[in-house]
>>> print(open('input_37.cif').read())   # mmCIF, C-alpha atoms and all ligand atoms
data_input
#
loop_
_atom_site.label_atom_id
_atom_site.label_comp_id
_atom_site.auth_asym_id
_atom_site.auth_seq_id
_atom_site.Cartn_x
_atom_site.Cartn_y
_atom_site.Cartn_z
CA MET A 1 -187.12 -4.56 96.75
CA LEU A 2 -189.13 -3.48 93.75
CA GLN A 3 -188.30 -0.60 91.51
CA CYS A 4 -190.13 2.73 91.79
CA THR A 5 -192.83 3.00 89.14
CA ALA A 6 -192.62 6.75 88.55
CA VAL A 7 -192.41 7.82 84.91
CA THR A 8 -191.89 11.28 83.51
CA VAL A 9 -191.51 12.95 80.12
CA VAL A 10 -187.99 14.07 79.37
CA PRO A 11 -187.56 17.88 79.43
CA TYR A 12 -186.26 17.72 75.88
CA PHE A 13 -184.46 20.99 75.31
CA GLU A 14 -182.92 21.14 78.77
CA ALA A 15 -181.75 17.56 78.39
CA LEU A 16 -180.26 18.27 74.94
CA LEU A 17 -178.44 21.26 76.36
CA ALA A 18 -177.14 19.26 79.32
CA LEU A 19 -175.94 16.47 77.00
CA ALA A 20 -174.28 18.96 74.67
CA THR A 21 -172.49 20.87 77.43
CA MET A 22 -171.45 18.05 79.75
CA GLU A 23 -167.89 16.71 79.73
CA GLY A 24 -167.81 13.36 77.94
CA GLY A 25 -171.26 13.81 76.51
CA PRO A 26 -172.53 12.23 73.28
CA ASP A 27 -171.34 13.51 69.89
CA HIS A 28 -174.89 13.88 68.71
CA PRO A 29 -177.31 14.45 71.61
CA PRO A 30 -180.49 14.11 69.48
CA ASP A 31 -179.55 10.43 69.02
CA VAL A 32 -179.85 9.90 72.76
CA ILE A 33 -183.26 11.36 73.45
CA ALA A 34 -186.30 12.30 71.45
CA THR A 35 -189.14 14.68 72.15
CA GLY A 36 -191.77 12.99 74.25
CA ASP A 37 -189.46 10.24 75.50
CA PHE A 38 -190.49 8.80 78.83
CA LEU A 39 -187.96 8.13 81.55
CA LEU A 40 -188.42 5.66 84.38
CA CYS A 41 -187.26 6.21 87.92
CA GLU A 42 -184.58 3.60 88.51
CA LEU A 43 -184.44 3.72 92.29
CA GLY A 44 -186.06 1.22 94.61
CA GLU A 45 -189.49 2.17 95.88
CA HIS A 46 -189.35 5.34 97.92
CA ASP A 47 -191.62 8.01 99.34
CA GLU A 48 -192.41 11.48 98.02
CA SER A 49 -189.68 13.18 100.05
CA VAL A 50 -187.04 11.55 97.84
CA GLU A 51 -186.33 12.69 94.27
CA HIS A 52 -186.96 10.23 91.46
CA ALA A 53 -183.87 9.53 89.35
CA ALA A 54 -183.60 8.47 85.71
CA HIS A 55 -180.28 7.80 84.02
CA LEU A 56 -179.67 9.71 80.79
CA TRP A 57 -176.05 9.26 79.81
CA THR A 58 -172.78 7.77 81.01
CA ALA A 59 -170.02 10.33 80.54
CA ASP A 60 -166.97 9.34 78.54
CA THR A 61 -164.48 10.52 81.16
CA PRO A 62 -161.75 8.74 83.17
CA ASP A 63 -163.84 8.86 86.34
CA ASP A 64 -167.35 7.46 86.37
CA ARG A 65 -170.01 10.10 85.99
CA ASP A 66 -173.53 10.02 84.68
CA LEU A 67 -176.12 12.54 83.65
CA TRP A 68 -179.32 12.07 85.65
CA LEU A 69 -182.76 13.58 85.54
CA LEU A 70 -183.97 14.08 89.09
CA TRP A 71 -187.55 15.05 89.77
CA THR A 72 -190.36 15.24 92.26
CA GLY A 73 -194.07 15.56 91.69
CA THR A 74 -196.05 14.96 88.52
CA GLY A 75 -197.64 17.01 85.75
CA THR A 76 -197.61 20.74 86.33
CA HIS A 77 -196.34 20.15 89.87
CA ARG A 78 -193.20 18.51 88.59
CA LEU A 79 -189.90 20.00 89.72
CA TYR A 80 -186.81 18.68 88.00
CA ARG A 81 -183.12 19.18 87.56
CA LEU A 82 -180.46 17.65 85.34
CA ASP A 83 -177.22 16.87 87.09
CA VAL A 84 -173.94 15.15 86.33
CA LEU A 85 -173.25 12.96 89.35
CA PRO A 86 -170.47 10.53 90.29
CA THR A 87 -171.38 6.84 90.26
CA CYS A 88 -172.15 4.98 93.47
CA PRO A 89 -168.98 3.05 94.40
CA ALA A 90 -170.83 0.02 95.77
CA ILE A 91 -170.21 -3.35 94.14
CA LEU A 92 -171.71 -6.76 94.68
CA ARG A 93 -169.35 -9.71 94.49
CA ASN A 94 -170.79 -13.08 93.80
CA PHE A 95 -168.21 -15.65 94.80
CA LEU A 96 -170.16 -18.50 93.29
CA THR A 97 -170.38 -17.10 89.79
CA ARG A 98 -167.25 -14.93 90.15
CA THR A 99 -169.06 -11.90 88.88
CA VAL A 100 -168.91 -8.35 90.11
CA THR A 101 -171.93 -6.12 89.69
CA SER A 102 -171.57 -2.42 90.29
CA CYS A 103 -174.35 -0.20 91.49
CA ALA A 104 -175.89 1.73 88.60
CA TYR A 105 -177.07 4.66 90.69
CA ALA A 106 -175.50 8.00 91.51
CA ASP A 107 -173.39 8.34 94.64
CA HIS A 108 -175.32 9.07 97.86
CA HIS A 109 -178.54 7.77 96.34
CA HIS A 110 -181.51 6.92 98.49
CA GLY A 111 -182.37 3.36 99.44
CA PRO A 112 -180.77 0.07 98.41
CA HIS A 113 -178.20 -0.30 95.63
CA SER A 114 -179.35 -1.13 92.11
CA PHE A 115 -178.40 -4.81 92.42
CA SER A 116 -180.90 -5.14 95.28
CA VAL A 117 -183.72 -3.65 93.23
CA THR A 118 -185.73 -5.72 90.80
CA ASP A 119 -187.38 -4.13 87.83
CA PRO A 120 -190.72 -5.86 87.31
CA LEU A 121 -191.20 -4.13 83.97
CA GLY A 122 -187.72 -5.01 82.74
CA GLU A 123 -188.21 -8.62 83.68
CA LEU A 124 -191.52 -8.62 81.88
CA ILE A 125 -189.88 -7.20 78.75
CA SER A 126 -186.87 -9.52 78.90
CA GLY A 127 -189.23 -12.45 79.40
CA HIS A 128 -190.80 -11.64 76.06
CA SER A 129 -187.98 -10.55 73.80
CA GLY A 130 -184.82 -11.63 75.56
CA THR A 131 -183.38 -8.16 76.05
CA GLY A 132 -184.72 -5.22 77.94
CA THR A 133 -183.63 -1.71 77.18
CA GLY A 134 -183.92 0.71 80.03
CA THR A 135 -185.78 3.39 78.19
CA GLY A 136 -189.13 2.43 76.80
CA SER A 137 -191.57 4.58 74.95
CA GLY A 138 -194.66 2.99 76.42
CA THR A 139 -197.31 5.19 77.88
CA ASP A 140 -199.34 2.49 79.58
CA GLU A 141 -199.50 2.84 83.31
CA PRO A 142 -199.61 -0.32 85.38
ZN ZN B 1 -188.78 7.12 92.09
ZN ZN B 2 -175.49 2.30 95.23
#
>>> encode(input="input_37.cif", output="structure tokens")
Amino acid sequence: MLQCTAVTVVPYFEALLALATMEGGPDHPPDVIATGDFLLCELGEHDESVEHAAHLWTADTPDDRDLWLLWTGTGTHRLYRLDVLPTCPAILRNFLTRTVTSCAYADHHHGPHSFSVTDPLGELISGHSGTGTGTGSGTDEP
């Protein structure tokens, strides 16, 4: 399955506040996000009834929790919320390579787990430079 192509601008001040107030958040939230940063939905392709989800921060706590931006709609019709959610417990074991890949999404997410979703953009980027960072600053739509 391909990754959802939805992109949205980070709600900067709300995100800073959420990072600053969450348990296990970053020491210096402005290092994590910048005004005008774009966030990509990381879920597999889905319809409009499902919220888009972009990962913002992995909490430094004993249990796995992440800060997510969840949104629906675009532009002035965008509705969003920032939420700290537990990590999806699903893992993929590959007995051939003896590797274990854990799902990168929040628990109870919609659709397939992250290891079943391919990111065409990420593969494009990694094909060029060798590494792909999840958060790009590109504004070009496909
Ligand atoms: Zn989406
Ligand atoms: Zn999952």
>>> residues_around(input="input_37.cif", residues="range 16-27 of chain A", least_positions_apart="3", cutoff="10 Å", atoms="all atoms listed in the file", output="list in words")
Val10, Pro11, Tyr12, Phe13, Pro30, Asp31, Val32, Ile33, Ala34, Thr35, Leu56, Trp57, Thr58, Ala59, Asp60, Thr61, Pro62, Arg65, Asp66, Leu67, Trp68, Leu82, Asp83 and Val84 of chain A
>>> closest_atom_pairs(input="input_37.cif", of="chain A", to="ligand ZN 2 (chain B)", cutoff="6 Å", atoms="all atoms listed in the file", output="tab-separated table")
residue	atom	partner	partner_atom	distance
A:Cys88	CA	B:ZN2	ZN	4.6
A:Ala90	CA	B:ZN2	ZN	5.2
A:Cys103	CA	B:ZN2	ZN	4.6
A:Tyr105	CA	B:ZN2	ZN	5.4
A:His113	CA	B:ZN2	ZN	3.8
>>> residues_near_ligand(input="input_37.cif", ligand="ligand ZN 1 (chain B)", cutoff="12 Å", atoms="only C-alpha atoms and all ligand atoms", output="PyMOL selection string")
chain A and resi 2-8+39-55+69-74+109-111+117
>>> residues_around(input="input_37.cif", residues="Ala104 in chain A", least_positions_apart="2", cutoff="8 Å", atoms="all atoms listed in the file", output="VMD selection string")
chain A and resid 87 to 88 102 106 113 to 115
